[in-house]
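File shown: run_32.pdb (PDB, C-alpha atoms and all ligand atoms).
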```pdb
ATOM      1  CA  MET A   1      16.686 -21.336 -12.617
ATOM      2  CA  ASP A   2      19.326 -18.595 -12.715
ATOM      3  CA  PHE A   3      19.954 -16.633  -9.534
ATOM      4  CA  LEU A   4      21.176 -13.075 -10.147
ATOM      5  CA  ARG A   5      22.682 -11.167  -7.215
ATOM      6  CA  PRO A   6      23.463  -7.528  -8.032
ATOM      7  CA  THR A   7      25.119  -5.483  -5.304
ATOM      8  CA  THR A   8      24.326  -2.025  -6.697
ATOM      9  CA  TRP A   9      21.199  -0.401  -8.095
ATOM     10  CA  GLU A  10      22.913   0.124 -11.461
ATOM     11  CA  GLU A  11      23.743  -3.586 -11.660
ATOM     12  CA  ALA A  12      20.157  -4.445 -10.737
ATOM     13  CA  LEU A  13      18.750  -2.191 -13.503
ATOM     14  CA  ALA A  14      21.217  -3.670 -15.996
ATOM     15  CA  ALA A  15      20.218  -7.219 -15.044
ATOM     16  CA  LYS A  16      16.506  -6.388 -15.463
ATOM     17  CA  ALA A  17      17.163  -4.679 -18.807
ATOM     18  CA  ASP A  18      19.145  -7.666 -20.108
ATOM     19  CA  LEU A  19      16.698 -10.245 -18.769
ATOM     20  CA  PRO A  20      13.219  -8.672 -18.312
ATOM     21  CA  GLU A  21      11.694 -12.040 -17.387
ATOM     22  CA  ALA A  22      13.864 -12.222 -14.246
ATOM     23  CA  VAL A  23      11.595 -12.023 -11.194
ATOM     24  CA  PRO A  24      12.741  -9.510  -8.549
ATOM     25  CA  LEU A  25      13.109 -10.871  -5.048
ATOM     26  CA  GLN A  26      12.946  -8.573  -2.025
ATOM     27  CA  GLY A  27      11.727 -10.172   1.211
ATOM     28  CA  GLY A  28      10.542 -13.236  -0.724
ATOM     29  CA  THR A  29       7.363 -13.575   1.356
ATOM     30  CA  ASP A  30       5.260 -13.656  -1.821
ATOM     31  CA  VAL A  31       7.770 -14.944  -4.380
ATOM     32  CA  MET A  32       9.130 -17.883  -2.389
ATOM     33  CA  VAL A  33       5.644 -19.044  -1.406
ATOM     34  CA  GLU A  34       4.642 -19.038  -5.093
ATOM     35  CA  ILE A  35       7.771 -20.970  -6.078
ATOM     36  CA  ASN A  36       7.365 -23.463  -3.230
ATOM     37  CA  PHE A  37       3.749 -24.092  -4.238
ATOM     38  CA  GLY A  38       4.659 -24.390  -7.918
ATOM     39  CA  VAL A  39       2.553 -21.350  -8.871
ATOM     40  CA  ARG A  40       5.477 -19.956 -10.835
ATOM     41  CA  ARG A  41       8.816 -21.225 -12.060
ATOM     42  CA  PRO A  42      10.702 -18.160 -13.293
ATOM     43  CA  ALA A  43      13.684 -18.476 -15.624
ATOM     44  CA  ALA A  44      15.662 -16.341 -13.201
ATOM     45  CA  LEU A  45      15.391 -14.701  -9.799
ATOM     46  CA  LEU A  46      16.813 -11.209  -9.372
ATOM     47  CA  ASP A  47      17.760 -11.020  -5.707
ATOM     48  CA  LEU A  48      17.708  -7.361  -4.601
ATOM     49  CA  THR A  49      18.582  -7.952  -0.969
ATOM     50  CA  ARG A  50      22.237  -6.956  -1.446
ATOM     51  CA  VAL A  51      21.342  -3.572  -2.949
ATOM     52  CA  ALA A  52      21.896  -1.532   0.204
ATOM     53  CA  GLU A  53      20.294   1.700  -1.017
ATOM     54  CA  LEU A  54      16.900  -0.041  -1.311
ATOM     55  CA  ARG A  55      16.843  -0.682   2.431
ATOM     56  CA  SER A  56      17.020   2.946   3.575
ATOM     57  CA  TRP A  57      14.566   5.820   3.803
ATOM     58  CA  SER A  58      15.160   9.565   3.709
ATOM     59  CA  VAL A  59      13.170  12.767   3.985
ATOM     60  CA  THR A  60      13.457  15.891   1.839
ATOM     61  CA  ASP A  61      11.221  18.946   2.307
ATOM     62  CA  GLY A  62       8.678  16.885   4.228
ATOM     63  CA  THR A  63       8.431  14.098   1.641
ATOM     64  CA  TYR A  64       9.527  10.639   2.762
ATOM     65  CA  ARG A  65      11.260   8.395   0.262
ATOM     66  CA  VAL A  66      10.954   4.831   1.498
ATOM     67  CA  GLY A  67      13.256   2.390  -0.324
ATOM     68  CA  ALA A  68      11.595  -0.641  -1.896
ATOM     69  CA  GLY A  69      13.576  -2.922   0.425
ATOM     70  CA  VAL A  70      12.524  -1.256   3.695
ATOM     71  CA  PRO A  71      10.714  -3.928   5.724
ATOM     72  CA  TYR A  72       7.420  -3.344   7.527
ATOM     73  CA  ALA A  73       9.225  -3.630  10.882
ATOM     74  CA  THR A  74      11.262  -0.521  10.031
ATOM     75  CA  VAL A  75       8.182   1.384   8.865
ATOM     76  CA  ILE A  76       6.561   0.572  12.208
ATOM     77  CA  GLU A  77       9.595   1.403  14.343
ATOM     78  CA  GLU A  78      10.893   4.479  12.532
ATOM     79  CA  LEU A  79       8.067   6.012  10.502
ATOM     80  CA  GLY A  80       5.026   5.652  12.755
ATOM     81  CA  GLY A  81       4.960   9.374  13.523
ATOM     82  CA  ALA A  82       5.513  10.631   9.975
ATOM     83  CA  LEU A  83       3.458   8.050   8.073
ATOM     84  CA  PRO A  84       0.899   6.820  10.616
ATOM     85  CA  GLY A  85      -1.526   5.288   8.087
ATOM     86  CA  LEU A  86       1.196   3.187   6.461
ATOM     87  CA  ALA A  87       2.590   2.208   9.864
ATOM     88  CA  GLN A  88      -0.843   1.107  11.107
ATOM     89  CA  ALA A  89      -1.334  -1.000   7.987
ATOM     90  CA  SER A  90       2.177  -2.446   8.416
ATOM     91  CA  ARG A  91       1.306  -3.542  11.951
ATOM     92  CA  THR A  92      -1.523  -5.702  10.567
ATOM     93  CA  VAL A  93       0.676  -7.525   8.017
ATOM     94  CA  GLY A  94       1.253 -11.211   8.738
ATOM     95  CA  SER A  95       3.373 -12.034  11.772
ATOM     96  CA  PRO A  96       6.625 -10.563  13.198
ATOM     97  CA  GLN A  97       8.598 -12.857  10.855
ATOM     98  CA  ILE A  98       6.698 -11.582   7.798
ATOM     99  CA  ARG A  99       7.038  -7.970   8.951
ATOM    100  CA  ASN A 100      10.796  -8.422   9.350
ATOM    101  CA  ARG A 101      11.192  -9.725   5.782
ATOM    102  CA  GLY A 102       8.228  -8.312   3.848
ATOM    103  CA  THR A 103       8.452  -4.873   2.280
ATOM    104  CA  VAL A 104       6.196  -2.153   0.927
ATOM    105  CA  GLY A 105       8.137  -2.496  -2.359
ATOM    106  CA  GLY A 106       7.194  -6.167  -2.505
ATOM    107  CA  ASN A 107       3.571  -5.351  -1.712
ATOM    108  CA  LEU A 108       3.583  -2.910  -4.663
ATOM    109  CA  GLY A 109       5.352  -5.438  -6.881
ATOM    110  CA  ALA A 110       2.738  -8.068  -6.097
ATOM    111  CA  ALA A 111      -0.077  -5.503  -6.630
ATOM    112  CA  SER A 112      -2.621  -7.739  -4.917
ATOM    113  CA  PRO A 113      -5.962  -5.992  -4.348
ATOM    114  CA  ALA A 114      -5.686  -7.251  -0.746
ATOM    115  CA  GLY A 115      -2.208  -5.806  -0.059
ATOM    116  CA  ASP A 116      -2.371  -3.797   3.151
ATOM    117  CA  SER A 117      -0.019  -0.982   2.196
ATOM    118  CA  HIS A 118      -2.120   0.131  -0.784
ATOM    119  CA  PRO A 119      -5.060   1.916   0.957
ATOM    120  CA  PRO A 120      -2.839   4.196   3.098
ATOM    121  CA  LEU A 121      -0.614   4.951   0.097
ATOM    122  CA  LEU A 122      -3.700   5.934  -1.920
ATOM    123  CA  ALA A 123      -5.163   8.024   0.907
ATOM    124  CA  ALA A 124      -1.867   9.861   1.431
ATOM    125  CA  GLY A 125      -1.391  10.543  -2.298
ATOM    126  CA  ALA A 126       1.844   8.522  -2.528
ATOM    127  CA  VAL A 127       3.933   8.292  -5.688
ATOM    128  CA  VAL A 128       5.745   5.123  -6.770
ATOM    129  CA  GLU A 129       9.276   5.708  -8.038
ATOM    130  CA  VAL A 130      10.252   3.153 -10.696
ATOM    131  CA  GLU A 131      13.329   3.060 -12.882
ATOM    132  CA  SER A 132      14.747   1.324 -15.943
ATOM    133  CA  ARG A 133      18.216   1.448 -17.438
ATOM    134  CA  GLU A 134      16.908   2.681 -20.794
ATOM    135  CA  ARG A 135      14.385   5.347 -19.737
ATOM    136  CA  GLY A 136      15.491   6.385 -16.256
ATOM    137  CA  VAL A 137      13.087   7.306 -13.450
ATOM    138  CA  ARG A 138       9.280   7.351 -13.772
ATOM    139  CA  LEU A 139       7.058   8.707 -11.015
ATOM    140  CA  ILE A 140       3.681   6.967 -10.957
ATOM    141  CA  PRO A 141       0.928   8.240  -8.624
ATOM    142  CA  ALA A 142      -0.369   5.320  -6.542
ATOM    143  CA  ALA A 143      -3.848   5.919  -7.986
ATOM    144  CA  GLU A 144      -2.443   5.108 -11.465
ATOM    145  CA  PHE A 145      -0.177   2.266 -10.403
ATOM    146  CA  TYR A 146      -2.751  -0.518  -9.945
ATOM    147  CA  LEU A 147      -4.145  -1.722 -13.264
ATOM    148  CA  GLY A 148      -5.873  -5.023 -12.478
ATOM    149  CA  VAL A 149      -5.754  -8.080 -10.229
ATOM    150  CA  LYS A 150      -2.017  -8.412  -9.458
ATOM    151  CA  ARG A 151      -1.228  -6.131 -12.438
ATOM    152  CA  SER A 152       0.543  -2.813 -12.145
ATOM    153  CA  ALA A 153       1.913  -0.053 -14.370
ATOM    154  CA  LEU A 154       5.437  -1.427 -13.887
ATOM    155  CA  LEU A 155       7.030  -2.323 -17.247
ATOM    156  CA  PRO A 156       9.055  -5.534 -17.738
ATOM    157  CA  ASP A 157      12.433  -3.785 -17.677
ATOM    158  CA  GLU A 158      11.590  -1.589 -14.666
ATOM    159  CA  LEU A 159      12.207  -2.023 -10.957
ATOM    160  CA  ILE A 160      10.535  -0.262  -8.069
ATOM    161  CA  ARG A 161      13.088   2.001  -6.417
ATOM    162  CA  ALA A 162      11.017   3.614  -3.655
ATOM    163  CA  VAL A 163       7.687   5.055  -2.674
ATOM    164  CA  ARG A 164       7.413   8.780  -1.969
ATOM    165  CA  VAL A 165       4.874   9.924   0.613
ATOM    166  CA  ALA A 166       4.366  13.357   2.147
ATOM    167  CA  GLY A 167       4.700  13.316   5.919
ATOM    168  CA  ALA A 168       1.244  13.340   7.500
ATOM    169  CA  ALA A 169      -0.142  16.856   7.854
ATOM    170  CA  GLY A 170      -3.192  15.525   9.698
ATOM    171  CA  PRO A 171      -4.590  12.360  11.274
ATOM    172  CA  GLN A 172      -4.499   9.106   9.309
ATOM    173  CA  TYR A 173      -6.184   5.792  10.049
ATOM    174  CA  PHE A 174      -6.250   2.297   8.570
ATOM    175  CA  SER A 175      -8.672  -0.469   9.451
ATOM    176  CA  LYS A 176      -8.966  -4.008   8.156
ATOM    177  CA  VAL A 177     -11.584  -6.721   8.430
ATOM    178  CA  GLY A 178     -10.261 -10.264   8.543
ATOM    179  CA  THR A 179     -11.582 -13.657   9.483
ATOM    180  CA  ARG A 180      -9.338 -13.474  12.559
ATOM    181  CA  ASN A 181      -7.162 -10.825  14.194
ATOM    182  CA  ALA A 182      -3.691 -11.752  12.926
ATOM    183  CA  MET A 183      -1.997 -13.562  10.032
ATOM    184  CA  VAL A 184      -4.914 -12.866   7.796
ATOM    185  CA  ILE A 185      -5.520 -11.555   4.306
ATOM    186  CA  ALA A 186      -7.951  -8.654   4.396
ATOM    187  CA  VAL A 187     -11.574  -9.412   3.624
ATOM    188  CA  CYS A 188     -11.574  -5.682   3.002
ATOM    189  CA  SER A 189      -9.741  -2.652   4.345
ATOM    190  CA  PHE A 190      -9.969   1.113   4.345
ATOM    191  CA  ALA A 191      -7.647   4.055   4.942
ATOM    192  CA  VAL A 192      -8.362   7.714   5.479
ATOM    193  CA  ALA A 193      -5.953  10.658   5.556
ATOM    194  CA  LEU A 194      -6.923  14.200   6.503
ATOM    195  CA  HIS A 195      -5.090  16.954   4.654
ATOM    196  CA  PRO A 196      -6.277  19.948   6.726
ATOM    197  CA  HIS A 197      -4.160  22.570   4.929
ATOM    198  CA  GLU A 198      -5.778  21.589   1.630
ATOM    199  CA  ARG A 199      -9.209  21.080   3.225
ATOM    200  CA  ARG A 200      -9.184  17.607   1.684
ATOM    201  CA  VAL A 201      -9.726  14.014   2.820
ATOM    202  CA  GLY A 202      -7.937  11.154   1.038
ATOM    203  CA  THR A 203      -9.357   7.638   0.905
ATOM    204  CA  GLY A 204      -8.094   4.164   0.012
ATOM    205  CA  ILE A 205     -10.107   0.951  -0.340
ATOM    206  CA  GLY A 206      -8.509  -2.491  -0.214
ATOM    207  CA  SER A 207      -9.719  -5.963  -1.160
ATOM    208  CA  ALA A 208     -13.079  -4.756  -2.440
ATOM    209  CA  ALA A 209     -12.410  -4.366  -6.196
ATOM    210  CA  PRO A 210      -9.992  -5.825  -8.775
ATOM    211  CA  THR A 211      -7.497  -3.163  -7.696
ATOM    212  CA  PRO A 212      -6.965  -1.050  -4.591
ATOM    213  CA  LEU A 213      -8.742   2.225  -5.306
ATOM    214  CA  ARG A 214      -9.793   5.624  -3.984
ATOM    215  CA  ALA A 215     -13.373   6.777  -3.486
ATOM    216  CA  PRO A 216     -13.274  10.031  -5.519
ATOM    217  CA  GLU A 217     -16.959  10.917  -5.128
ATOM    218  CA  ALA A 218     -16.732  10.508  -1.362
ATOM    219  CA  GLU A 219     -13.626  12.725  -1.338
ATOM    220  CA  GLU A 220     -15.368  15.385  -3.468
ATOM    221  CA  PHE A 221     -18.442  15.242  -1.244
ATOM    222  CA  LEU A 222     -16.340  15.955   1.853
ATOM    223  CA  ARG A 223     -14.397  18.682   0.080
ATOM    224  CA  ALA A 224     -17.677  20.483  -0.596
ATOM    225  CA  GLU A 225     -19.500  19.769   2.663
ATOM    226  CA  LEU A 226     -17.029  19.480   5.559
ATOM    227  CA  ASP A 227     -16.881  22.196   8.177
ATOM    228  CA  TRP A 228     -13.263  21.832   9.305
ATOM    229  CA  ALA A 229     -13.873  23.733  12.538
ATOM    230  CA  GLY A 230     -16.914  21.848  13.790
ATOM    231  CA  PRO A 231     -18.059  18.364  14.802
ATOM    232  CA  LEU A 232     -18.892  15.758  12.189
ATOM    233  CA  ASP A 233     -22.506  15.966  11.075
ATOM    234  CA  PRO A 234     -24.019  12.427  11.393
ATOM    235  CA  ALA A 235     -25.819  12.806   8.047
ATOM    236  CA  LEU A 236     -22.560  13.762   6.376
ATOM    237  CA  LEU A 237     -20.801  10.781   7.957
ATOM    238  CA  ARG A 238     -23.588   8.477   6.745
ATOM    239  CA  ARG A 239     -23.333   9.816   3.190
ATOM    240  CA  PHE A 240     -19.536   9.465   3.238
ATOM    241  CA  GLY A 241     -19.896   5.783   4.180
ATOM    242  CA  GLU A 242     -22.456   5.223   1.434
ATOM    243  CA  LEU A 243     -20.259   6.866  -1.217
ATOM    244  CA  CYS A 244     -17.219   4.827  -0.158
ATOM    245  CA  ALA A 245     -19.259   1.620  -0.319
ATOM    246  CA  ALA A 246     -20.547   2.644  -3.757
ATOM    247  CA  ALA A 247     -16.970   3.151  -5.000
ATOM    248  CA  ALA A 248     -16.109  -0.468  -4.215
ATOM    249  CA  ALA A 249     -16.648  -3.212  -6.792
ATOM    250  CA  PRO A 250     -16.338  -6.342  -4.657
ATOM    251  CA  ILE A 251     -16.819  -9.992  -5.549
ATOM    252  CA  ASP A 252     -18.055 -13.038  -3.646
ATOM    253  CA  ASP A 253     -15.161 -15.297  -2.728
ATOM    254  CA  VAL A 254     -13.985 -17.638   0.015
ATOM    255  CA  ARG A 255     -13.238 -14.744   2.368
ATOM    256  CA  GLY A 256     -16.548 -12.907   2.092
ATOM    257  CA  THR A 257     -19.497 -11.967  -0.070
ATOM    258  CA  ALA A 258     -19.693  -8.829  -2.175
ATOM    259  CA  ALA A 259     -22.621  -7.596  -0.080
ATOM    260  CA  TYR A 260     -20.701  -8.083   3.166
ATOM    261  CA  ARG A 261     -17.643  -6.291   1.770
ATOM    262  CA  ARG A 262     -19.712  -3.318   0.614
ATOM    263  CA  HIS A 263     -21.346  -3.092   4.032
ATOM    264  CA  ALA A 264     -17.969  -3.405   5.772
ATOM    265  CA  ILE A 265     -16.442  -0.615   3.654
ATOM    266  CA  ASP A 266     -19.339   1.623   4.692
ATOM    267  CA  VAL A 267     -18.643   0.818   8.367
ATOM    268  CA  LEU A 268     -14.842   1.151   8.093
ATOM    269  CA  ALA A 269     -15.127   4.461   6.244
ATOM    270  CA  ARG A 270     -17.382   5.965   8.905
ATOM    271  CA  ARG A 271     -15.274   4.517  11.726
ATOM    272  CA  THR A 272     -11.893   5.716  10.445
ATOM    273  CA  LEU A 273     -13.199   9.183   9.561
ATOM    274  CA  THR A 274     -14.671   9.484  13.064
ATOM    275  CA  TRP A 275     -11.337   8.539  14.667
ATOM    276  CA  ALA A 276      -9.481  10.968  12.423
ATOM    277  CA  TRP A 277     -11.962  13.750  13.082
ATOM    278  CA  ASP A 278     -11.715  13.289  16.844
ATOM    279  CA  ASP A 279      -7.937  13.659  16.555
ATOM    280  CA  HIS A 280      -8.334  16.673  14.281
ATOM    281  CA  LEU A 281     -10.608  18.482  16.723
ATOM    282  CA  GLY A 282      -8.356  17.458  19.624
ATOM    283  CA  ARG A 283      -5.386  18.950  17.838
ATOM    284  CA  ARG A 284      -7.282  22.132  17.081
ATOM    285  CA  ALA A 285      -8.267  22.505  20.728
ATOM    286  CA  ALA A 286      -4.726  21.772  21.991
TER     287      ALA A 286
HETATM  288  C1  LIG B 301       2.287 -15.954   6.122
HETATM  289  C2  LIG B 301       2.083 -14.725   5.271
HETATM  290  C3  LIG B 301       1.254 -13.714   5.744
HETATM  291  C4  LIG B 301       1.072 -12.574   4.960
HETATM  292  N1  LIG B 301       0.246 -11.580   5.433
HETATM  293  C5  LIG B 301       0.055 -10.470   4.706
HETATM  294  C6  LIG B 301      -0.796  -9.436   5.178
HETATM  295  O1  LIG B 301      -1.359  -9.506   6.273
HETATM  296  N2  LIG B 301      -0.951  -8.334   4.385
HETATM  297  C7  LIG B 301      -0.327  -8.202   3.177
HETATM  298  O2  LIG B 301      -0.497  -7.180   2.509
HETATM  299  N3  LIG B 301       0.477  -9.173   2.696
HETATM  300  C8  LIG B 301       0.681 -10.300   3.422
HETATM  301  N4  LIG B 301       1.496 -11.292   2.936
HETATM  302  C9  LIG B 301       2.087 -11.140   1.616
HETATM  303  C10 LIG B 301       3.508 -10.525   1.611
HETATM  304  O3  LIG B 301       4.142 -10.660   2.859
HETATM  305  C11 LIG B 301       3.449  -9.028   1.256
HETATM  306  O4  LIG B 301       2.863  -8.845  -0.013
HETATM  307  C12 LIG B 301       4.841  -8.369   1.269
HETATM  308  O5  LIG B 301       4.690  -6.968   1.208
HETATM  309  C13 LIG B 301       5.727  -8.822   0.124
HETATM  310  O6  LIG B 301       6.973  -8.185   0.278
HETATM  311  P1  LIG B 301       8.331  -8.955  -0.056
HETATM  312  O7  LIG B 301       9.423  -7.983   0.135
HETATM  313  O8  LIG B 301       8.425 -10.229   0.709
HETATM  314  O9  LIG B 301       8.091  -9.260  -1.596
HETATM  315  P2  LIG B 301       8.652 -10.412  -2.549
HETATM  316  O10 LIG B 301       8.014 -11.701  -2.237
HETATM  317  O11 LIG B 301      10.131 -10.379  -2.582
HETATM  318  O12 LIG B 301       8.098  -9.838  -3.934
HETATM  319  C14 LIG B 301       6.699  -9.665  -4.142
HETATM  320  C15 LIG B 301       6.459  -9.234  -5.587
HETATM  321  O13 LIG B 301       7.018  -7.972  -5.820
HETATM  322  C16 LIG B 301       8.000  -8.054  -6.825
HETATM  323  N5  LIG B 301       9.084  -7.153  -6.415
HETATM  324  C17 LIG B 301       9.745  -7.157  -5.243
HETATM  325  N6  LIG B 301      10.610  -6.143  -5.189
HETATM  326  C18 LIG B 301      10.501  -5.471  -6.347
HETATM  327  C19 LIG B 301      11.142  -4.308  -6.879
HETATM  328  N7  LIG B 301      12.061  -3.612  -6.200
HETATM  329  N8  LIG B 301      10.766  -3.896  -8.108
HETATM  330  C20 LIG B 301       9.829  -4.562  -8.815
HETATM  331  N9  LIG B 301       9.180  -5.659  -8.353
HETATM  332  C21 LIG B 301       9.526  -6.110  -7.142
HETATM  333  C22 LIG B 301       8.420  -9.516  -6.885
HETATM  334  O14 LIG B 301       8.956  -9.901  -8.134
HETATM  335  C23 LIG B 301       7.093 -10.185  -6.600
HETATM  336  O15 LIG B 301       6.289 -10.217  -7.757
HETATM  337  C24 LIG B 301       1.719 -12.447   3.703
HETATM  338  C25 LIG B 301       2.567 -13.471   3.249
HETATM  339  C26 LIG B 301       2.753 -14.594   4.025
HETATM  340  C27 LIG B 301       3.667 -15.684   3.532
END
```

Serialized structure, structure tokens:
Amino acid sequence: MDFLRPTTWEEALAAKADLPEAVPLQGGTDVMVEINFGVRRPAALLDLTRVAELRSWSVTDGTYRVGAGVPYATVIEELGGALPGLAQASRTVGSPQIRNRGTVGGNLGAASPAGDSHPPLLAAGAVVEVESRERGVRLIPAAEFYLGVKRSALLPDELIRAVRVAGAAGPQYFSKVGTRNAMVIAVCSFAVALHPHERRVGTGIGSAAPTPLRAPEAEEFLRAELDWAGPLDPALLRRFGELCAAAAAPIDDVRGTAAYRRHAIDVLARRTLTWAWDDHLGRRAA
């Protein structure tokens, strides 16, 4: 197995263009497990850990650009205020060791339906920045990035450069059901993001369909029915939960049944919206 070690982004793009079958390596918390268990034996590994620009984040006009190599620990420590949904999800990933190595870029690269960063990225309307040597930069909305189980819109000669997310303009919450409280793959998960200036609520569902996905009908329902100045109507909350559950397309597997997952999405949707709404009204009163 060849081991490629670019030190600049340009070198990394050139290596991927010349050898598209090379498997990118960021934190290695997915890739190395797969290699150790013999799940894959790539012809080459493309180690991105020396590409310094991938490990930084920046902010321009309120939009955060989080490099593909930024670990969860940094998201938690430095971006909790600006990107609270993503930071909450990051706190639930694995253990401290995994959060020190694992990255949002790697989560996107793996494109697992159970990846914890996906629901908050969907709810916040994030955009994935990918690049190839031949065609330059492509900006892919998160909602169009996930194509199937562990399949994404990333092309063989492309690398993920960063994810772009607007700083939170309103409350955001993430919640995850697991078979225990830590070191656990989500049975299902849900994220909500209020966008008060647009009178809009974003949603993200994890581990309850072949891909992470939004609940567009639930979002449309709230857009039409929400009174942004008043308390949450219980009937509206109930309908929101039902529409989120209906958007899911779960399966029975070792972690849970489809029926349980659908029920749990209903509960998580109502719970996270209630938390967010309490914050929203608190902010309005402050
Ligand atoms: C013990 C343990 C617990 C875990 N718990 C959780 C959990 O709770 N929640 C969760 O979501 N995940 C969990 N994971 C999975 C893993 O940690 C995450 O998916 C993490 O985000 C992967 O990031 P990484 O940087 O380690 O990726 P890597 O393993 O380096 O890469 C993952 C995938 O992304 C691709 N890739 C990486 N970087 C790029 C790039 N720049 N461009 C294109 N493709 C790229 C790789 O080729 C690979 O296919 C766990 C893993 C372990 C071992």

Subject >> Within 8 Å of ligand LIG 301 (chain B) (all atoms listed in the file), residues as a VMD selection string >> reply: chain A and resid 23 to 33 48 54 68 to 69 71 to 72 90 92 to 95 98 to 99 101 to 112 114 to 117 130 154 158 to 162 182 to 186

Residue selection dump (C-alpha atoms) as a PDB file, in the coordinates of the input:
```
ATOM      1  CA  VAL A  23      11.595 -12.023 -11.194  1.00  0.00           C
ATOM      2  CA  PRO A  24      12.741  -9.510  -8.549  1.00  0.00           C
ATOM      3  CA  LEU A  25      13.109 -10.871  -5.048  1.00  0.00           C
ATOM      4  CA  GLN A  26      12.946  -8.573  -2.025  1.00  0.00           C
ATOM      5  CA  GLY A  27      11.727 -10.172   1.211  1.00  0.00           C
ATOM      6  CA  GLY A  28      10.542 -13.236  -0.724  1.00  0.00           C
ATOM      7  CA  THR A  29       7.363 -13.575   1.356  1.00  0.00           C
ATOM      8  CA  ASP A  30       5.260 -13.656  -1.821  1.00  0.00           C
ATOM      9  CA  VAL A  31       7.770 -14.944  -4.380  1.00  0.00           C
ATOM     10  CA  MET A  32       9.130 -17.883  -2.389  1.00  0.00           C
ATOM     11  CA  VAL A  33       5.644 -19.044  -1.406  1.00  0.00           C
ATOM     12  CA  LEU A  48      17.708  -7.361  -4.601  1.00  0.00           C
ATOM     13  CA  LEU A  54      16.900  -0.041  -1.311  1.00  0.00           C
ATOM     14  CA  ALA A  68      11.595  -0.641  -1.896  1.00  0.00           C
ATOM     15  CA  GLY A  69      13.576  -2.922   0.425  1.00  0.00           C
ATOM     16  CA  PRO A  71      10.714  -3.928   5.724  1.00  0.00           C
ATOM     17  CA  TYR A  72       7.420  -3.344   7.527  1.00  0.00           C
ATOM     18  CA  SER A  90       2.177  -2.446   8.416  1.00  0.00           C
ATOM     19  CA  THR A  92      -1.523  -5.702  10.567  1.00  0.00           C
ATOM     20  CA  VAL A  93       0.676  -7.525   8.017  1.00  0.00           C
ATOM     21  CA  GLY A  94       1.253 -11.211   8.738  1.00  0.00           C
ATOM     22  CA  SER A  95       3.373 -12.034  11.772  1.00  0.00           C
ATOM     23  CA  ILE A  98       6.698 -11.582   7.798  1.00  0.00           C
ATOM     24  CA  ARG A  99       7.038  -7.970   8.951  1.00  0.00           C
ATOM     25  CA  ARG A 101      11.192  -9.725   5.782  1.00  0.00           C
ATOM     26  CA  GLY A 102       8.228  -8.312   3.848  1.00  0.00           C
ATOM     27  CA  THR A 103       8.452  -4.873   2.280  1.00  0.00           C
ATOM     28  CA  VAL A 104       6.196  -2.153   0.927  1.00  0.00           C
ATOM     29  CA  GLY A 105       8.137  -2.496  -2.359  1.00  0.00           C
ATOM     30  CA  GLY A 106       7.194  -6.167  -2.505  1.00  0.00           C
ATOM     31  CA  ASN A 107       3.571  -5.351  -1.712  1.00  0.00           C
ATOM     32  CA  LEU A 108       3.583  -2.910  -4.663  1.00  0.00           C
ATOM     33  CA  GLY A 109       5.352  -5.438  -6.881  1.00  0.00           C
ATOM     34  CA  ALA A 110       2.738  -8.068  -6.097  1.00  0.00           C
ATOM     35  CA  ALA A 111      -0.077  -5.503  -6.630  1.00  0.00           C
ATOM     36  CA  SER A 112      -2.621  -7.739  -4.917  1.00  0.00           C
ATOM     37  CA  ALA A 114      -5.686  -7.251  -0.746  1.00  0.00           C
ATOM     38  CA  GLY A 115      -2.208  -5.806  -0.059  1.00  0.00           C
ATOM     39  CA  ASP A 116      -2.371  -3.797   3.151  1.00  0.00           C
ATOM     40  CA  SER A 117      -0.019  -0.982   2.196  1.00  0.00           C
ATOM     41  CA  VAL A 130      10.252   3.153 -10.696  1.00  0.00           C
ATOM     42  CA  LEU A 154       5.437  -1.427 -13.887  1.00  0.00           C
ATOM     43  CA  GLU A 158      11.590  -1.589 -14.666  1.00  0.00           C
ATOM     44  CA  LEU A 159      12.207  -2.023 -10.957  1.00  0.00           C
ATOM     45  CA  ILE A 160      10.535  -0.262  -8.069  1.00  0.00           C
ATOM     46  CA  ARG A 161      13.088   2.001  -6.417  1.00  0.00           C
ATOM     47  CA  ALA A 162      11.017   3.614  -3.655  1.00  0.00           C
ATOM     48  CA  ALA A 182      -3.691 -11.752  12.926  1.00  0.00           C
ATOM     49  CA  MET A 183      -1.997 -13.562  10.032  1.00  0.00           C
ATOM     50  CA  VAL A 184      -4.914 -12.866   7.796  1.00  0.00           C
ATOM     51  CA  ILE A 185      -5.520 -11.555   4.306  1.00  0.00           C
ATOM     52  CA  ALA A 186      -7.951  -8.654   4.396  1.00  0.00           C
TER      53      ALA A 186
END
```

Subject >> Nearest candidate to Phe190 of chain A (options A:Ser56, A:Gln172, A:Thr8, A:Gln97; using all atoms listed in the file) >> reply: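 Using all atoms listed in the file, the shortest distance to Phe190 of chain A belongs to A:Gln172.
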
Original post:
Which one is closest to Val254 of chain A: A:Glu220, A:Gly241, A:Gly178, A:Arg199? Count all atoms listed in the file.
Top reply: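 So, comparing all the options, the nearest one is A:Gly178.
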
**OP:** Could you tell me which of A:Pro6, A:Gly80, A:Pro141, A:Gly204 comes closest to Leu268 of chain A if we count all atoms listed in the file?
**Re:** A:Gly204

Original post:
Given the choices A:Ile76, A:Ala17, A:Arg238, A:Cys188, which gets closest to Ala258 of chain A if the distance is worked out from all atoms listed in the file?
Top reply: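 Once distances to Ala258 of chain A are computed over all atoms listed in the file, the minimum belongs to A:Cys188.
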
**OP:** Measuring atom to atom with all atoms listed in the file, identify which of A:Arg65, A:Arg200, A:Lys16, A:Arg5 is nearest to Leu155 of chain A.
**Re:** A:Lys16

Subject >> Interatomic distance, atom CA of Trp228 of chain A to atom CA of Ala169 of chain A (Å, one decimal) >> reply: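 Between atom CA of Trp228 of chain A and atom CA of Ala169 of chain A the gap is 14.1 Å.
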